[in-house]
Amino acid sequence: MKSIFLVFSVLVVQFCFSQKVKNVQKKESKNTQQKFSLDKGQIALFDGQFVKFIAALQSSDRKAMENLLSPKAKQAITDNVYKKLSTDINFNKKLVIFKTGYKSMIGGGNYPMIQYKYSDDVSEFPKEIITAVFEENGKILGIKPYKQEK
């Protein structure tokens with residue numbers, strides 16, 4: 001009798017403390033559509049914009065560089081960023097496309113990206129890569145040189 005009462009009390013306690021869900025609202029996820037590759041027209045457009053930017057950076061033509069940048073990038077870039085970028089990129093070497101695709105950003109958006117390497121670097125994984133991220137209209141969102149150090 002005591003065991004029946006114990007089992008019954010455990011079940012009653014669980015039933016009393018259980019919670020009922022009255023209204024369940026489904027949240028819509030803000031995932032963006034995943035894109036993985038760029039077509040030839042986009043690659044030509046973005047590569048042309050990048051080449052113009054590098055030529056303007058080499059000649060220190062600030063007005064031409066700002067015309068190629070997106071409004072988001074213009075807010076963040078200062079003279080020090082231009083100087084650092086011009087010292088990190090070797091203008092004596094030719095740049096070739098290493099990889100193309102889309103880059104996911106913190107805000108959840110996917111932006112077109114082209115990675116460049118120097119033409120004299122024949123290794124499978126280049127030691128120096130320059131990543132250029134673009135908006136869909138061809139404006140440059142960011143450029144980041146990367147050097148692998150040992």
# chains A, B, ... in the order shown; residues from 1 in each chain; ligands from 1
$ residues_around --residues "Lys103 (chain A)" --least-positions-apart "5" --cutoff "6 Å" --atoms "only C-alpha atoms" --output "PyMOL selection string"
chain A and resi 110-111+113
$ residues_around --residues "Thr100 (chain A)" --least-positions-apart "4" --cutoff "8 Å" --atoms "only C-alpha atoms" --output "number ranges by chain"
A: 37-38, 43, 112-115
$ select_by_dssp --residues "region 12-144 of chain A" --states "strand (DSSP E)" --output "number ranges by chain"
A: 95-104, 110-118, 128-134, 140-144
$ atom_distance --atom1 "CA of Ala76 (chain A)" --atom2 "CA of Gly41 (chain A)"
28.6 Å
$ residues_around --residues "Phe46 (chain A)" --least-positions-apart "5" --cutoff "12 Å" --atoms "only C-alpha atoms" --output "PyMOL selection string"
chain A and resi 38-41+51-53+68-69+97+100-101+111-116+131-141
$ write_last_selection --atoms "N, CA, C and O atoms" --output "mmCIF file, in the first residue's frame"
data_model
loop_
_atom_site.group_PDB
_atom_site.id
_atom_site.type_symbol
_atom_site.label_atom_id
_atom_site.label_comp_id
_atom_site.auth_asym_id
_atom_site.auth_seq_id
_atom_site.Cartn_x
_atom_site.Cartn_y
_atom_site.Cartn_z
ATOM 1 N N LEU A 38 30.711 32.177 -58.988
ATOM 2 C CA LEU A 38 30.442 33.371 -59.794
ATOM 3 C C LEU A 38 30.434 32.967 -61.265
ATOM 4 O O LEU A 38 31.197 32.096 -61.681
ATOM 5 N N ASP A 39 29.606 33.630 -62.060
ATOM 6 C CA ASP A 39 29.642 33.351 -63.495
ATOM 7 C C ASP A 39 30.720 34.210 -64.158
ATOM 8 O O ASP A 39 31.301 35.092 -63.544
ATOM 9 N N LYS A 40 30.981 33.958 -65.420
ATOM 10 C CA LYS A 40 32.088 34.626 -66.125
ATOM 11 C C LYS A 40 31.882 36.125 -66.228
ATOM 12 O O LYS A 40 32.835 36.903 -66.148
ATOM 13 N N GLY A 41 30.641 36.563 -66.398
ATOM 14 C CA GLY A 41 30.353 37.996 -66.480
ATOM 15 C C GLY A 41 30.661 38.713 -65.175
ATOM 16 O O GLY A 41 31.223 39.815 -65.170
ATOM 17 N N VAL A 51 41.325 45.685 -60.810
ATOM 18 C CA VAL A 51 42.500 46.163 -61.550
ATOM 19 C C VAL A 51 42.531 47.699 -61.563
ATOM 20 O O VAL A 51 43.591 48.312 -61.381
ATOM 21 N N LYS A 52 41.372 48.321 -61.746
ATOM 22 C CA LYS A 52 41.301 49.788 -61.700
ATOM 23 C C LYS A 52 41.693 50.308 -60.324
ATOM 24 O O LYS A 52 42.407 51.304 -60.200
ATOM 25 N N PHE A 53 41.236 49.621 -59.266
ATOM 26 C CA PHE A 53 41.558 50.046 -57.911
ATOM 27 C C PHE A 53 43.053 49.921 -57.639
ATOM 28 O O PHE A 53 43.664 50.819 -57.056
ATOM 29 N N LEU A 68 35.521 53.742 -56.750
ATOM 30 C CA LEU A 68 35.383 52.298 -56.910
ATOM 31 C C LEU A 68 34.902 51.595 -55.640
ATOM 32 O O LEU A 68 34.529 50.429 -55.671
ATOM 33 N N LEU A 69 34.902 52.308 -54.509
ATOM 34 C CA LEU A 69 34.514 51.710 -53.231
ATOM 35 C C LEU A 69 33.018 51.845 -52.978
ATOM 36 O O LEU A 69 32.382 52.796 -53.422
ATOM 37 N N ILE A 97 44.039 35.439 -60.789
ATOM 38 C CA ILE A 97 42.922 34.941 -59.973
ATOM 39 C C ILE A 97 43.266 33.552 -59.458
ATOM 40 O O ILE A 97 43.628 32.656 -60.221
ATOM 41 N N THR A 100 37.509 32.003 -56.800
ATOM 42 C CA THR A 100 36.338 32.878 -56.790
ATOM 43 C C THR A 100 35.229 32.196 -56.016
ATOM 44 O O THR A 100 35.219 30.978 -55.866
ATOM 45 N N GLY A 101 34.305 32.984 -55.531
ATOM 46 C CA GLY A 101 33.173 32.421 -54.797
ATOM 47 C C GLY A 101 32.463 33.501 -54.012
ATOM 48 O O GLY A 101 32.511 34.683 -54.365
ATOM 49 N N TYR A 111 28.648 37.846 -49.984
ATOM 50 C CA TYR A 111 29.146 38.801 -50.974
ATOM 51 C C TYR A 111 30.124 38.110 -51.908
ATOM 52 O O TYR A 111 30.878 37.223 -51.493
ATOM 53 N N PRO A 112 30.142 38.522 -53.185
ATOM 54 C CA PRO A 112 31.091 37.949 -54.139
ATOM 55 C C PRO A 112 32.525 38.247 -53.710
ATOM 56 O O PRO A 112 32.824 39.320 -53.189
ATOM 57 N N MET A 113 33.395 37.264 -53.934
ATOM 58 C CA MET A 113 34.779 37.385 -53.514
ATOM 59 C C MET A 113 35.682 36.811 -54.595
ATOM 60 O O MET A 113 35.351 35.807 -55.228
ATOM 61 N N ILE A 114 36.811 37.465 -54.801
ATOM 62 C CA ILE A 114 37.860 36.930 -55.671
ATOM 63 C C ILE A 114 39.160 36.977 -54.890
ATOM 64 O O ILE A 114 39.504 37.998 -54.292
ATOM 65 N N GLN A 115 39.879 35.863 -54.896
ATOM 66 C CA GLN A 115 41.190 35.812 -54.263
ATOM 67 C C GLN A 115 42.248 35.812 -55.358
ATOM 68 O O GLN A 115 42.145 35.076 -56.339
ATOM 69 N N TYR A 116 43.263 36.639 -55.154
ATOM 70 C CA TYR A 116 44.348 36.771 -56.117
ATOM 71 C C TYR A 116 45.632 36.250 -55.497
ATOM 72 O O TYR A 116 45.824 36.326 -54.287
ATOM 73 N N THR A 131 42.547 39.081 -50.935
ATOM 74 C CA THR A 131 41.119 38.797 -51.047
ATOM 75 C C THR A 131 40.372 40.096 -51.279
ATOM 76 O O THR A 131 40.526 41.041 -50.504
ATOM 77 N N ALA A 132 39.588 40.139 -52.332
ATOM 78 C CA ALA A 132 38.762 41.305 -52.639
ATOM 79 C C ALA A 132 37.298 40.886 -52.549
ATOM 80 O O ALA A 132 36.885 39.920 -53.181
ATOM 81 N N VAL A 133 36.520 41.628 -51.739
ATOM 82 C CA VAL A 133 35.096 41.351 -51.558
ATOM 83 C C VAL A 133 34.322 42.488 -52.208
ATOM 84 O O VAL A 133 34.659 43.662 -52.031
ATOM 85 N N PHE A 134 33.289 42.136 -52.954
ATOM 86 C CA PHE A 134 32.530 43.103 -53.741
ATOM 87 C C PHE A 134 31.057 43.085 -53.361
ATOM 88 O O PHE A 134 30.561 42.114 -52.793
ATOM 89 N N GLU A 135 30.369 44.155 -53.704
ATOM 90 C CA GLU A 135 28.914 44.152 -53.672
ATOM 91 C C GLU A 135 28.442 43.656 -55.034
ATOM 92 O O GLU A 135 29.220 43.593 -55.983
ATOM 93 N N GLU A 136 27.168 43.320 -55.141
ATOM 94 C CA GLU A 136 26.642 42.774 -56.395
ATOM 95 C C GLU A 136 26.751 43.762 -57.558
ATOM 96 O O GLU A 136 26.803 43.365 -58.711
ATOM 97 N N ASN A 137 26.776 45.064 -57.268
ATOM 98 C CA ASN A 137 26.858 46.066 -58.334
ATOM 99 C C ASN A 137 28.280 46.312 -58.812
ATOM 100 O O ASN A 137 28.510 47.119 -59.701
ATOM 101 N N GLY A 138 29.267 45.647 -58.220
ATOM 102 C CA GLY A 138 30.650 45.779 -58.656
ATOM 103 C C GLY A 138 31.494 46.683 -57.783
ATOM 104 O O GLY A 138 32.711 46.774 -57.982
ATOM 105 N N LYS A 139 30.906 47.372 -56.828
ATOM 106 C CA LYS A 139 31.674 48.235 -55.936
ATOM 107 C C LYS A 139 32.464 47.374 -54.956
ATOM 108 O O LYS A 139 32.003 46.334 -54.492
ATOM 109 N N ILE A 140 33.655 47.831 -54.617
ATOM 110 C CA ILE A 140 34.540 47.077 -53.732
ATOM 111 C C ILE A 140 34.126 47.311 -52.286
ATOM 112 O O ILE A 140 34.028 48.450 -51.828
ATOM 113 N N LEU A 141 33.909 46.224 -51.563
ATOM 114 C CA LEU A 141 33.520 46.289 -50.161
ATOM 115 C C LEU A 141 34.749 46.209 -49.259
ATOM 116 O O LEU A 141 34.786 46.825 -48.199
#
$ closest_residue --among "A:Gly108, A:Phe17, A:Ile54, A:Gly142" --to "Lys74 (chain A)" --atoms "only C-alpha atoms"
A:Gly142
$ select_by_dssp --residues "chain A" --states "alpha helix (DSSP H)" --output "ChimeraX atom specification"
/A:2-17,40-58,62-68,71-76,79-88
$ write_last_selection --atoms "C-alpha atoms" --output "PDB file, in the first residue's frame"
ATOM      1  CA  LYS A   2       2.838   2.361   0.826  1.00  0.00           C
ATOM      2  CA  SER A   3       4.518   1.636  -2.507  1.00  0.00           C
ATOM      3  CA  ILE A   4       1.309   2.373  -4.430  1.00  0.00           C
ATOM      4  CA  PHE A   5       0.915   5.630  -2.549  1.00  0.00           C
ATOM      5  CA  LEU A   6       4.586   6.544  -3.281  1.00  0.00           C
ATOM      6  CA  VAL A   7       4.248   5.877  -7.034  1.00  0.00           C
ATOM      7  CA  PHE A   8       0.954   7.756  -7.158  1.00  0.00           C
ATOM      8  CA  SER A   9       2.440  10.788  -5.334  1.00  0.00           C
ATOM      9  CA  VAL A  10       5.433  10.910  -7.702  1.00  0.00           C
ATOM     10  CA  LEU A  11       3.128  10.918 -10.718  1.00  0.00           C
ATOM     11  CA  VAL A  12       0.870  13.576  -9.218  1.00  0.00           C
ATOM     12  CA  VAL A  13       3.843  15.826  -8.393  1.00  0.00           C
ATOM     13  CA  GLN A  14       5.163  15.533 -11.956  1.00  0.00           C
ATOM     14  CA  PHE A  15       1.737  16.268 -13.371  1.00  0.00           C
ATOM     15  CA  CYS A  16       1.308  19.344 -11.140  1.00  0.00           C
ATOM     16  CA  PHE A  17       4.684  20.825 -12.018  1.00  0.00           C
ATOM     17  CA  LYS A  40      32.088  34.626 -66.125  1.00  0.00           C
ATOM     18  CA  GLY A  41      30.353  37.996 -66.480  1.00  0.00           C
ATOM     19  CA  GLN A  42      30.577  38.677 -62.768  1.00  0.00           C
ATOM     20  CA  ILE A  43      34.231  37.617 -62.642  1.00  0.00           C
ATOM     21  CA  ALA A  44      35.052  39.963 -65.536  1.00  0.00           C
ATOM     22  CA  LEU A  45      33.211  42.872 -63.883  1.00  0.00           C
ATOM     23  CA  PHE A  46      34.789  42.365 -60.452  1.00  0.00           C
ATOM     24  CA  ASP A  47      38.265  41.724 -61.851  1.00  0.00           C
ATOM     25  CA  GLY A  48      38.069  44.916 -63.921  1.00  0.00           C
ATOM     26  CA  GLN A  49      37.062  46.939 -60.847  1.00  0.00           C
ATOM     27  CA  PHE A  50      39.928  45.415 -58.842  1.00  0.00           C
ATOM     28  CA  VAL A  51      42.500  46.163 -61.550  1.00  0.00           C
ATOM     29  CA  LYS A  52      41.301  49.788 -61.700  1.00  0.00           C
ATOM     30  CA  PHE A  53      41.558  50.046 -57.911  1.00  0.00           C
ATOM     31  CA  ILE A  54      45.102  48.626 -57.860  1.00  0.00           C
ATOM     32  CA  ALA A  55      46.164  51.069 -60.609  1.00  0.00           C
ATOM     33  CA  ALA A  56      44.663  53.976 -58.635  1.00  0.00           C
ATOM     34  CA  LEU A  57      46.328  52.718 -55.439  1.00  0.00           C
ATOM     35  CA  GLN A  58      49.677  52.513 -57.191  1.00  0.00           C
ATOM     36  CA  ARG A  62      42.429  58.918 -53.864  1.00  0.00           C
ATOM     37  CA  LYS A  63      39.447  60.197 -55.877  1.00  0.00           C
ATOM     38  CA  ALA A  64      39.585  57.273 -58.312  1.00  0.00           C
ATOM     39  CA  MET A  65      39.866  54.796 -55.428  1.00  0.00           C
ATOM     40  CA  GLU A  66      36.857  56.260 -53.641  1.00  0.00           C
ATOM     41  CA  ASN A  67      34.766  56.050 -56.825  1.00  0.00           C
ATOM     42  CA  LEU A  68      35.383  52.298 -56.910  1.00  0.00           C
ATOM     43  CA  PRO A  71      29.535  53.509 -49.388  1.00  0.00           C
ATOM     44  CA  LYS A  72      30.073  51.086 -46.492  1.00  0.00           C
ATOM     45  CA  ALA A  73      33.780  50.876 -47.250  1.00  0.00           C
ATOM     46  CA  LYS A  74      34.168  54.648 -47.659  1.00  0.00           C
ATOM     47  CA  GLN A  75      33.051  55.168 -44.060  1.00  0.00           C
ATOM     48  CA  ALA A  76      35.703  52.856 -42.633  1.00  0.00           C
ATOM     49  CA  ASP A  79      44.595  57.482 -45.171  1.00  0.00           C
ATOM     50  CA  ASN A  80      46.404  54.979 -42.943  1.00  0.00           C
ATOM     51  CA  VAL A  81      44.451  52.113 -44.508  1.00  0.00           C
ATOM     52  CA  TYR A  82      45.483  53.237 -48.005  1.00  0.00           C
ATOM     53  CA  LYS A  83      49.141  53.491 -46.912  1.00  0.00           C
ATOM     54  CA  LYS A  84      49.069  50.047 -45.275  1.00  0.00           C
ATOM     55  CA  LEU A  85      47.392  48.537 -48.320  1.00  0.00           C
ATOM     56  CA  SER A  86      49.950  50.055 -50.695  1.00  0.00           C
ATOM     57  CA  THR A  87      52.831  48.666 -48.623  1.00  0.00           C
ATOM     58  CA  ASP A  88      51.297  45.181 -48.349  1.00  0.00           C
TER      59      ASP A  88
END
$ closest_residue --among "A:Lys127, A:Lys117, A:Lys99, A:Lys147" --to "Phe36 (chain A)" --atoms "only C-alpha atoms"
A:Lys99
$ atom_distance --atom1 "CA of Ser70 (chain A)" --atom2 "CA of Lys93 (chain A)"
26.4 Å
$ closest_residue --among "A:Ile77, A:Ile143, A:Met105, A:Ile89" --to "Glu128 (chain A)" --atoms "only C-alpha atoms"
A:Ile89
$ atom_distance --atom1 "CA of Glu149 (chain A)" --atom2 "CA of Ile130 (chain A)"
14.7 Å
